[in-house]
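**Q** Input file: my_file_6.cif. Contents: mmCIF, C-alpha atoms.
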```cif
data_final
#
loop_
_atom_site.label_atom_id
_atom_site.label_comp_id
_atom_site.auth_asym_id
_atom_site.auth_seq_id
_atom_site.Cartn_x
_atom_site.Cartn_y
_atom_site.Cartn_z
CA MET A 1 99.18 85.35 87.62
CA LYS A 2 101.01 82.59 89.43
CA PHE A 3 100.98 83.00 93.18
CA GLU A 4 104.13 82.03 94.97
CA GLY A 5 105.52 82.97 98.38
CA LYS A 6 106.63 81.18 101.49
CA ILE A 7 104.22 79.04 103.45
CA VAL A 8 103.03 80.98 106.47
CA GLU A 9 104.60 79.50 109.59
CA ASN A 10 101.90 78.75 112.14
CA LYS A 11 103.50 76.27 114.51
CA LEU A 12 104.49 78.92 116.98
CA ASN A 13 101.43 80.98 116.54
CA LYS A 14 99.90 80.90 119.96
CA ARG A 15 98.04 84.11 119.53
CA VAL A 16 94.28 84.02 119.30
CA GLU A 17 91.81 86.81 119.04
CA GLY A 18 88.23 87.02 120.02
CA SER A 19 86.21 85.16 122.53
CA ILE A 20 84.45 81.91 121.87
CA THR A 21 81.18 83.43 123.04
CA ALA A 22 81.17 85.94 120.17
CA ILE A 23 81.87 83.17 117.66
CA LEU A 24 79.14 80.94 119.08
CA ASP A 25 76.77 83.85 118.99
CA VAL A 26 77.47 84.47 115.31
CA LEU A 27 77.23 80.79 114.40
CA TYR A 28 74.21 79.77 116.42
CA GLY A 29 72.29 82.98 117.02
CA LYS A 30 71.59 84.52 120.36
CA VAL A 31 73.41 82.72 123.16
CA SER A 32 73.18 83.32 126.89
CA ILE A 33 75.66 83.21 129.73
CA PHE A 34 74.73 81.46 132.98
CA THR A 35 77.00 81.91 135.96
CA LEU A 36 77.56 78.71 137.91
CA SER A 37 79.84 80.25 140.49
CA ARG A 38 81.71 83.49 141.07
CA HIS A 39 83.61 84.50 144.15
CA PHE A 40 86.90 85.87 145.38
CA GLU A 41 89.45 83.41 146.69
CA LYS A 42 93.07 83.36 147.74
CA ALA A 43 95.36 81.97 145.05
CA ASN A 44 96.88 78.59 145.90
CA GLN A 45 100.08 77.19 144.42
CA ASP A 46 98.40 76.04 141.19
CA THR A 47 96.25 79.07 140.50
CA SER A 48 98.99 81.55 141.41
CA GLU A 49 101.19 79.97 138.74
CA LEU A 50 98.45 80.19 136.13
CA VAL A 51 98.04 83.95 136.52
CA ASP A 52 101.58 84.69 137.66
CA ILE A 53 100.84 86.12 141.11
CA ASP A 54 101.96 85.23 144.64
CA GLU A 55 100.16 82.57 146.64
CA GLY A 56 97.58 84.14 148.91
CA GLU A 57 96.81 87.03 146.60
CA GLU A 58 93.18 87.49 145.71
CA ILE A 59 91.70 86.26 142.45
CA ASN A 60 88.20 86.45 141.04
CA TYR A 61 86.94 82.96 140.23
CA ARG A 62 84.25 82.70 137.58
CA GLU A 63 82.62 79.57 136.23
CA VAL A 64 79.99 79.92 133.52
CA ILE A 65 78.03 78.00 130.93
CA ILE A 66 77.31 79.53 127.56
CA HIS A 67 74.02 78.07 126.40
CA ARG A 68 71.44 78.44 123.71
CA ARG A 69 67.91 78.17 125.02
CA GLY A 70 69.06 75.97 127.84
CA GLN A 71 71.30 73.69 125.75
CA PRO A 72 74.84 73.98 127.14
CA LEU A 73 77.44 74.85 124.50
CA ILE A 74 80.63 75.67 126.35
CA TYR A 75 81.84 75.55 129.91
CA ALA A 76 84.33 78.27 130.84
CA LEU A 77 86.35 78.69 134.01
CA SER A 78 88.23 81.96 134.45
CA LEU A 79 90.64 83.26 137.04
CA ILE A 80 90.91 87.03 136.98
CA VAL A 81 93.48 89.23 138.67
CA LEU A 82 91.20 92.15 139.40
CA ASP A 83 93.98 94.52 140.48
CA ARG A 84 95.51 94.25 137.01
CA CYS A 85 92.28 95.03 135.17
CA LYS A 86 91.18 98.48 134.05
CA GLU A 87 89.63 100.21 137.02
CA GLU A 88 86.41 101.09 135.19
CA ALA A 89 85.90 97.43 134.18
CA ARG A 90 86.22 95.98 137.68
CA GLN A 91 82.59 96.37 138.77
CA ASP A 92 81.37 94.65 135.58
CA ILE A 93 83.83 91.81 136.25
CA ILE A 94 82.56 91.42 139.81
CA ASP A 95 78.92 91.52 138.63
CA GLY A 96 79.70 88.65 136.24
CA GLU A 97 76.78 89.35 133.89
CA ILE A 98 78.89 90.15 130.81
CA PRO A 99 81.22 87.66 129.10
CA LEU A 100 84.88 88.55 129.55
CA GLY A 101 85.47 88.88 125.79
CA LYS A 102 82.64 91.37 125.67
CA LEU A 103 84.18 93.33 128.53
CA LEU A 104 87.49 93.56 126.68
CA LYS A 105 85.54 95.07 123.81
CA LYS A 106 83.36 97.32 125.96
CA TYR A 107 86.39 98.87 127.63
CA LYS A 108 88.50 98.79 124.45
CA VAL A 109 91.19 96.87 126.26
CA GLU A 110 94.40 96.50 124.28
CA SER A 111 95.64 93.03 125.05
CA ARG A 112 97.04 89.87 123.59
CA ARG A 113 95.83 86.34 124.14
CA GLU A 114 98.03 83.31 124.11
CA ILE A 115 96.77 79.77 123.84
CA GLN A 116 98.67 77.59 126.26
CA HIS A 117 97.18 74.16 125.68
CA ILE A 118 94.63 72.44 123.49
CA TYR A 119 93.82 68.93 124.66
CA ILE A 120 91.26 66.17 125.06
CA GLU A 121 90.41 65.04 128.57
CA LYS A 122 88.00 62.92 130.57
CA PRO A 123 85.18 64.99 132.05
CA ASN A 124 85.06 65.61 135.78
CA ALA A 125 81.83 65.16 137.72
CA THR A 126 80.76 68.79 137.13
CA LEU A 127 81.13 68.56 133.35
CA LYS A 128 79.33 65.20 133.27
CA GLU A 129 76.45 66.67 135.24
CA LEU A 130 76.25 69.89 133.20
CA PHE A 131 76.41 68.31 129.75
CA LYS A 132 74.74 65.02 130.70
CA THR A 133 77.47 63.00 129.03
CA SER A 134 80.53 61.04 129.98
CA GLU A 135 82.24 61.40 126.58
CA ASP A 136 85.67 63.02 126.29
CA PHE A 137 85.90 66.80 126.28
CA ILE A 138 88.01 69.08 124.13
CA SER A 139 89.53 71.91 126.11
CA ARG A 140 91.82 74.86 125.64
CA ASN A 141 93.54 77.15 128.09
CA TYR A 142 94.64 80.65 127.30
CA VAL A 143 95.79 83.78 129.05
CA VAL A 144 95.00 87.40 128.33
CA ILE A 145 97.95 89.73 128.79
CA GLU A 146 97.52 93.44 129.39
CA ASN A 147 100.38 95.82 130.12
CA GLU A 148 102.73 92.83 130.00
CA GLU A 149 100.90 91.13 132.88
CA VAL A 150 98.45 88.25 132.92
CA THR A 151 95.02 89.60 133.79
CA LEU A 152 93.03 86.50 133.04
CA TRP A 153 93.42 82.74 132.65
CA THR A 154 90.59 80.83 131.02
CA LYS A 155 89.78 77.22 130.36
CA GLU A 156 87.01 76.42 127.90
CA SER A 157 85.62 72.90 127.45
CA PHE A 158 82.92 71.16 125.47
CA PRO A 159 82.08 67.54 124.60
CA ILE A 160 84.15 66.28 121.69
CA SER A 161 81.02 65.51 119.64
CA TYR A 162 79.90 69.15 119.77
CA PHE A 163 80.39 71.51 116.81
CA SER A 164 81.41 68.70 114.52
CA ASP A 165 80.46 69.26 110.87
CA LYS A 166 77.50 66.96 111.33
CA MET A 167 76.06 68.96 114.23
CA MET B 1 70.11 72.22 136.19
CA LYS B 2 68.19 74.85 134.24
CA PHE B 3 70.44 77.41 132.62
CA GLN B 4 69.22 80.99 132.62
CA GLY B 5 71.00 84.32 132.13
CA THR B 6 70.89 87.30 129.85
CA ILE B 7 71.09 87.00 126.07
CA ILE B 8 74.36 88.48 124.86
CA LYS B 9 74.26 91.39 122.42
CA ASN B 10 76.65 90.97 119.51
CA GLU B 11 77.08 93.67 116.86
CA VAL B 12 79.00 91.39 114.46
CA ARG B 13 76.14 88.88 114.41
CA GLU B 14 73.73 91.71 113.76
CA LYS B 15 75.87 93.01 110.86
CA ILE B 16 76.13 89.53 109.35
CA SER B 17 72.38 88.85 109.70
CA LYS B 18 71.55 92.20 108.10
CA LEU B 19 73.78 91.41 105.15
CA GLU B 20 72.25 87.94 104.75
CA GLU B 21 68.81 89.52 104.68
CA GLU B 22 69.81 92.28 102.29
CA TYR B 23 71.32 89.87 99.76
CA ASN B 24 68.92 87.02 100.45
CA THR B 25 71.78 84.66 101.14
CA THR B 26 72.97 82.43 103.96
CA PHE B 27 76.60 82.39 104.97
CA SER B 28 78.27 79.11 105.81
CA THR B 29 79.84 78.38 109.19
CA THR B 30 83.29 78.97 107.72
CA GLN B 31 82.30 82.30 106.17
CA LYS B 32 80.82 83.43 109.48
CA LEU B 33 83.95 82.32 111.32
CA LEU B 34 86.14 84.26 108.93
CA LEU B 35 83.98 87.35 109.26
CA CYS B 36 83.81 87.38 113.03
CA GLU B 37 87.41 86.38 113.76
CA ARG B 38 88.83 89.33 115.63
CA GLY B 39 92.19 89.32 114.03
CA PRO B 40 94.13 88.59 110.87
CA ILE B 41 92.46 85.94 108.76
CA THR B 42 95.66 84.08 107.80
CA THR B 43 95.89 82.14 111.06
CA ILE B 44 92.38 80.76 110.81
CA LEU B 45 92.82 79.91 107.10
CA ASP B 46 95.97 78.05 108.02
CA VAL B 47 94.16 76.06 110.72
CA LEU B 48 91.20 75.30 108.43
CA TYR B 49 93.01 74.50 105.19
CA GLY B 50 96.52 73.50 106.19
CA GLU B 51 99.61 75.36 105.15
CA VAL B 52 98.80 78.56 103.27
CA SER B 53 101.20 80.95 101.58
CA LEU B 54 101.50 84.67 101.27
CA PHE B 55 102.13 86.29 97.89
CA MET B 56 103.00 89.97 97.95
CA LEU B 57 101.28 91.83 95.12
CA ASP B 58 102.53 95.26 96.11
CA GLN B 59 104.31 96.91 98.98
CA HIS B 60 105.43 100.52 99.03
CA ILE B 61 105.56 103.60 101.18
CA GLU B 62 103.18 106.35 100.14
CA LYS B 63 101.83 109.63 101.46
CA SER B 64 98.52 109.37 103.21
CA ASN B 65 95.62 110.88 101.27
CA GLU B 66 92.40 112.27 102.69
CA LYS B 67 90.71 108.86 102.85
CA THR B 68 93.57 106.93 104.46
CA SER B 69 94.41 109.72 106.89
CA LYS B 70 90.80 109.68 108.08
CA ILE B 71 90.78 105.89 108.51
CA LEU B 72 94.12 105.86 110.33
CA ASN B 73 93.56 109.12 112.19
CA ILE B 74 96.79 110.67 110.91
CA ASN B 75 97.59 113.85 109.01
CA PRO B 76 97.33 113.87 105.21
CA GLY B 77 100.83 113.51 103.81
CA ASP B 78 102.11 111.27 106.62
CA ASP B 79 103.99 108.15 105.46
CA ILE B 80 102.09 104.89 105.34
CA ASP B 81 103.16 101.41 104.39
CA TYR B 82 100.77 100.05 101.77
CA ARG B 83 100.66 96.25 101.57
CA GLU B 84 98.59 94.18 99.19
CA VAL B 85 98.82 90.41 99.43
CA ILE B 86 97.08 87.26 98.34
CA VAL B 87 96.81 84.41 100.80
CA HIS B 88 96.78 81.26 98.70
CA LYS B 89 96.83 77.52 99.04
CA SER B 90 99.10 75.85 96.51
CA GLY B 91 98.46 78.65 94.01
CA ARG B 92 94.71 78.89 94.53
CA PRO B 93 93.89 82.38 95.80
CA LEU B 94 91.91 82.36 99.06
CA VAL B 95 91.79 85.94 100.31
CA HIS B 96 92.97 89.32 99.04
CA VAL B 97 94.27 91.58 101.81
CA VAL B 98 95.12 95.28 101.71
CA SER B 99 96.69 96.93 104.76
CA CYS B 100 97.73 100.50 105.49
CA ILE B 101 100.13 101.06 108.36
CA PRO B 102 101.15 104.52 109.62
CA LEU B 103 104.93 104.31 109.85
CA SER B 104 105.22 106.98 112.54
CA ARG B 105 103.47 104.60 114.94
CA CYS B 106 105.76 101.65 114.25
CA SER B 107 108.89 100.78 116.16
CA ASP B 108 112.11 100.21 114.19
CA GLU B 109 111.69 96.47 114.76
CA VAL B 110 108.19 96.50 113.29
CA ILE B 111 109.36 98.50 110.25
CA ASP B 112 112.16 95.95 109.71
CA ASP B 113 109.60 93.14 109.95
CA LEU B 114 107.26 94.89 107.51
CA MET B 115 110.02 94.92 104.93
CA GLN B 116 110.25 91.15 105.17
CA GLU B 117 107.66 90.06 102.69
CA GLN B 118 107.07 86.64 104.16
CA LEU B 119 105.75 87.98 107.46
CA THR B 120 102.03 88.57 107.73
CA THR B 121 100.91 91.60 109.70
CA GLY B 122 99.37 89.25 112.26
CA LYS B 123 102.73 87.51 112.62
CA ILE B 124 104.48 90.86 113.07
CA ILE B 125 102.06 91.84 115.83
CA GLU B 126 102.62 88.49 117.52
CA LYS B 127 106.40 88.58 117.11
CA ASN B 128 106.57 92.00 118.72
CA ASP B 129 104.21 91.04 121.58
CA MET B 130 101.95 93.94 120.72
CA GLU B 131 98.83 94.38 122.81
CA THR B 132 96.02 95.45 120.55
CA TYR B 133 92.34 96.20 120.38
CA ILE B 134 90.48 95.27 117.22
CA ARG B 135 87.41 97.02 115.86
CA ILE B 136 85.57 95.56 112.87
CA ASN B 137 84.31 98.61 111.00
CA LYS B 138 82.51 97.12 108.07
CA ILE B 139 81.28 93.82 106.66
CA SER B 140 79.99 94.13 103.12
CA ILE B 141 79.25 92.52 99.77
CA GLU B 142 80.57 94.51 96.81
CA LYS B 143 81.24 94.36 93.12
CA PRO B 144 84.78 93.18 92.29
CA THR B 145 87.34 95.66 91.05
CA ALA B 146 89.30 94.84 87.87
CA THR B 147 92.18 93.65 90.08
CA MET B 148 89.91 91.25 91.95
CA GLU B 149 88.42 89.91 88.73
CA GLU B 150 91.92 89.28 87.42
CA LEU B 151 93.24 87.71 90.62
CA PHE B 152 90.29 85.43 91.34
CA LYS B 153 89.30 84.90 87.67
CA THR B 154 85.67 85.69 88.44
CA ASN B 155 83.29 88.58 88.24
CA GLN B 156 81.12 87.48 91.12
CA HIS B 157 80.52 89.73 94.12
CA MET B 158 83.12 89.86 96.87
CA LEU B 159 82.56 89.37 100.57
CA SER B 160 84.70 91.91 102.43
CA ARG B 161 85.43 93.16 105.88
CA GLU B 162 87.42 96.10 107.13
CA TYR B 163 88.92 96.48 110.57
CA VAL B 164 91.42 98.57 112.49
CA MET B 165 93.75 97.58 115.29
CA THR B 166 94.82 100.03 117.97
CA HIS B 167 97.96 99.94 120.06
CA ASN B 168 98.69 102.54 122.73
CA LYS B 169 95.24 103.91 121.89
CA GLU B 170 96.24 104.80 118.34
CA VAL B 171 95.30 103.07 115.10
CA VAL B 172 98.30 101.06 113.94
CA ILE B 173 96.77 99.20 111.03
CA TRP B 174 93.73 99.29 108.77
CA THR B 175 92.97 96.11 106.88
CA LYS B 176 90.50 95.08 104.22
CA GLU B 177 90.07 91.39 103.43
CA SER B 178 88.02 90.18 100.45
CA CYS B 179 87.14 86.93 98.76
CA PRO B 180 84.54 85.86 96.20
CA LEU B 181 81.12 85.30 97.72
CA SER B 182 81.07 81.64 96.72
CA TYR B 183 84.30 80.87 98.60
CA PHE B 184 84.26 78.98 101.91
CA LYS B 185 80.66 77.91 101.40
CA VAL B 186 81.39 74.48 102.83
#
```
I'd like the structure from this file rewritten - as structure tokens, please.
**A**
Amino acid sequence: MKFEGKIVENKLNKRVEGSITAILDVLYGKVSIFTLSRHFEKANQDTSELVDIDEGEEINYREVIIHRRGQPLIYALSLIVLDRCKEEARQDIIDGEIPLGKLLKKYKVESRREIQHIYIEKPNATLKELFKTSEDFISRNYVVIENEEVTLWTKESFPISYFSDKM
Amino acid sequence: MKFQGTIIKNEVREKISKLEEEYNTTFSTTQKLLLCERGPITTILDVLYGEVSLFMLDQHIEKSNEKTSKILNINPGDDIDYREVIVHKSGRPLVHVVSCIPLSRCSDEVIDDLMQEQLTTGKIIEKNDMETYIRINKISIEKPTATMEELFKTNQHMLSREYVMTHNKEVVIWTKESCPLSYFKV
């Protein structure tokens, strides 16, 4: 049989599924999450735009490292609009012990994710210190949308040499 | 800084490891990625291999039987859209995909989109901004059916996974994706 058909258009496909933690876990075995910082803060001009809320509204700030036996794999910074999250999930979000992708699964949250940017950037001082490297980082930003509202904005970064085929 | 924290539990990893043990095999990074991707496989194939195409083998509306009504949580006899496609790269088959979609749970726009053969189900979900939850039900290795042998020109075992997507807390699609076990080894 000869297979034909139109090429699947993917240029506009911004939708992604699944968290990077779950993928890393499958690829590299058991991974752990280490919380660097988590707190509530008032949204400023930049962060309010990222999660589509008014300046001054409260957001949950969460900064974590996913690591395997102490070796950092991915840095993730998330801004969460707690009021827009399922009520039963809020305490787990505040506790910060469970990755956000896992929480979406735990609470069977129907959502969609949209990748906003994929880019290469110079590391800031925090990334340099965490990964002990000054090489460029590859990063992506995405939002999770639930009930037509952004509940979460996430940025994930790792050194550009990580996860290459030779790793 | 010393990183600590709890080890994350992951059912998909456990399923994959169990299968590797059972069949005394090791899956490649790509195979693992394809198995744990929580969504339609076409997007990731496209990113990994460049432009891929969709070839519709069969699409028709049929009455749900006992098996499909159980999977989709609908009544036997309800209308479902049956879709069977091959995702291929320049004529080389990559993945065989069967989907069953309960029509009563689709909007008119989604039904119109389903009738357009060039749209993948993932694309339809994206186009209609549908918020979904995905549950991988099964990851397995199985003997090929006659159709698979014919399509892939091989009689080797097939690596398959089955998942459902819910929308408004109801199952809106059941999908089974399969490819020969030797595919995506690199």
**Q** Name all residues at most 8 Å from Ile118 (chain A) (count all atoms listed in the file; drop same-chain ones fewer than 3 positions away) and give them as a list in words.
**A**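 Near Ile118 (chain A), the qualifying residues are Ile115, Ile138, Ser139, Arg140 and Asn141 of chain A.
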**Q** Near Ile7 (chain B), counting all atoms listed in the file, which residues have an atom at most 8 Å away, once you skip same-chain residues fewer than 2 positions from it, shown as a list in words?
**A** Lys30, Val31, Ser32 and Ile33 of chain A; Gly5 and Lys9 of chain B
**Q** If you take all atoms listed in the file and a cut-off of 6 Å, which residues of chain B touch chain A, and what are their nearest atom pairs and distances in Å to one decimal, in chain and number order, as a Markdown table?
**A**
```
| residue | atom | partner | partner_atom | distance |
| --- | --- | --- | --- | --- |
| B:Phe3 | CA | A:Gly70 | CA | 5.2 |
| B:Gln4 | CA | A:Phe34 | CA | 5.5 |
| B:Gly5 | CA | A:Phe34 | CA | 4.8 |
| B:Thr6 | CA | A:Ser32 | CA | 5.5 |
| B:Ile7 | CA | A:Ser32 | CA | 4.3 |
| B:Ile8 | CA | A:Ser32 | CA | 5.7 |
| B:Arg13 | CA | A:Val26 | CA | 4.7 |
| B:Arg38 | CA | A:Gly18 | CA | 5.0 |
| B:Gly39 | CA | A:Glu17 | CA | 5.6 |
| B:Val52 | CA | A:Ile7 | CA | 5.4 |
| B:Ser53 | CA | A:Ile7 | CA | 4.0 |
| B:Leu54 | CA | A:Gly5 | CA | 5.2 |
| B:Phe55 | CA | A:Gly5 | CA | 4.8 |
| B:Gly91 | CA | A:Phe3 | CA | 5.1 |
| B:Glu131 | CA | A:Ser111 | CA | 4.1 |
| B:Thr132 | CA | A:Glu110 | CA | 4.2 |
| B:Tyr133 | CA | A:Glu110 | CA | 4.4 |
```
**Q** Please indicate the distance in Å from CA of Asp81 (chain B) to CA of Pro102 (chain B), rounded to one decimal place.
**A** 6.4 Å
**Q** Just give me the gap between CA of Glu177 (chain B) and CA of Val97 (chain B) in Å, one decimal is fine.
**A** 4.5 Å
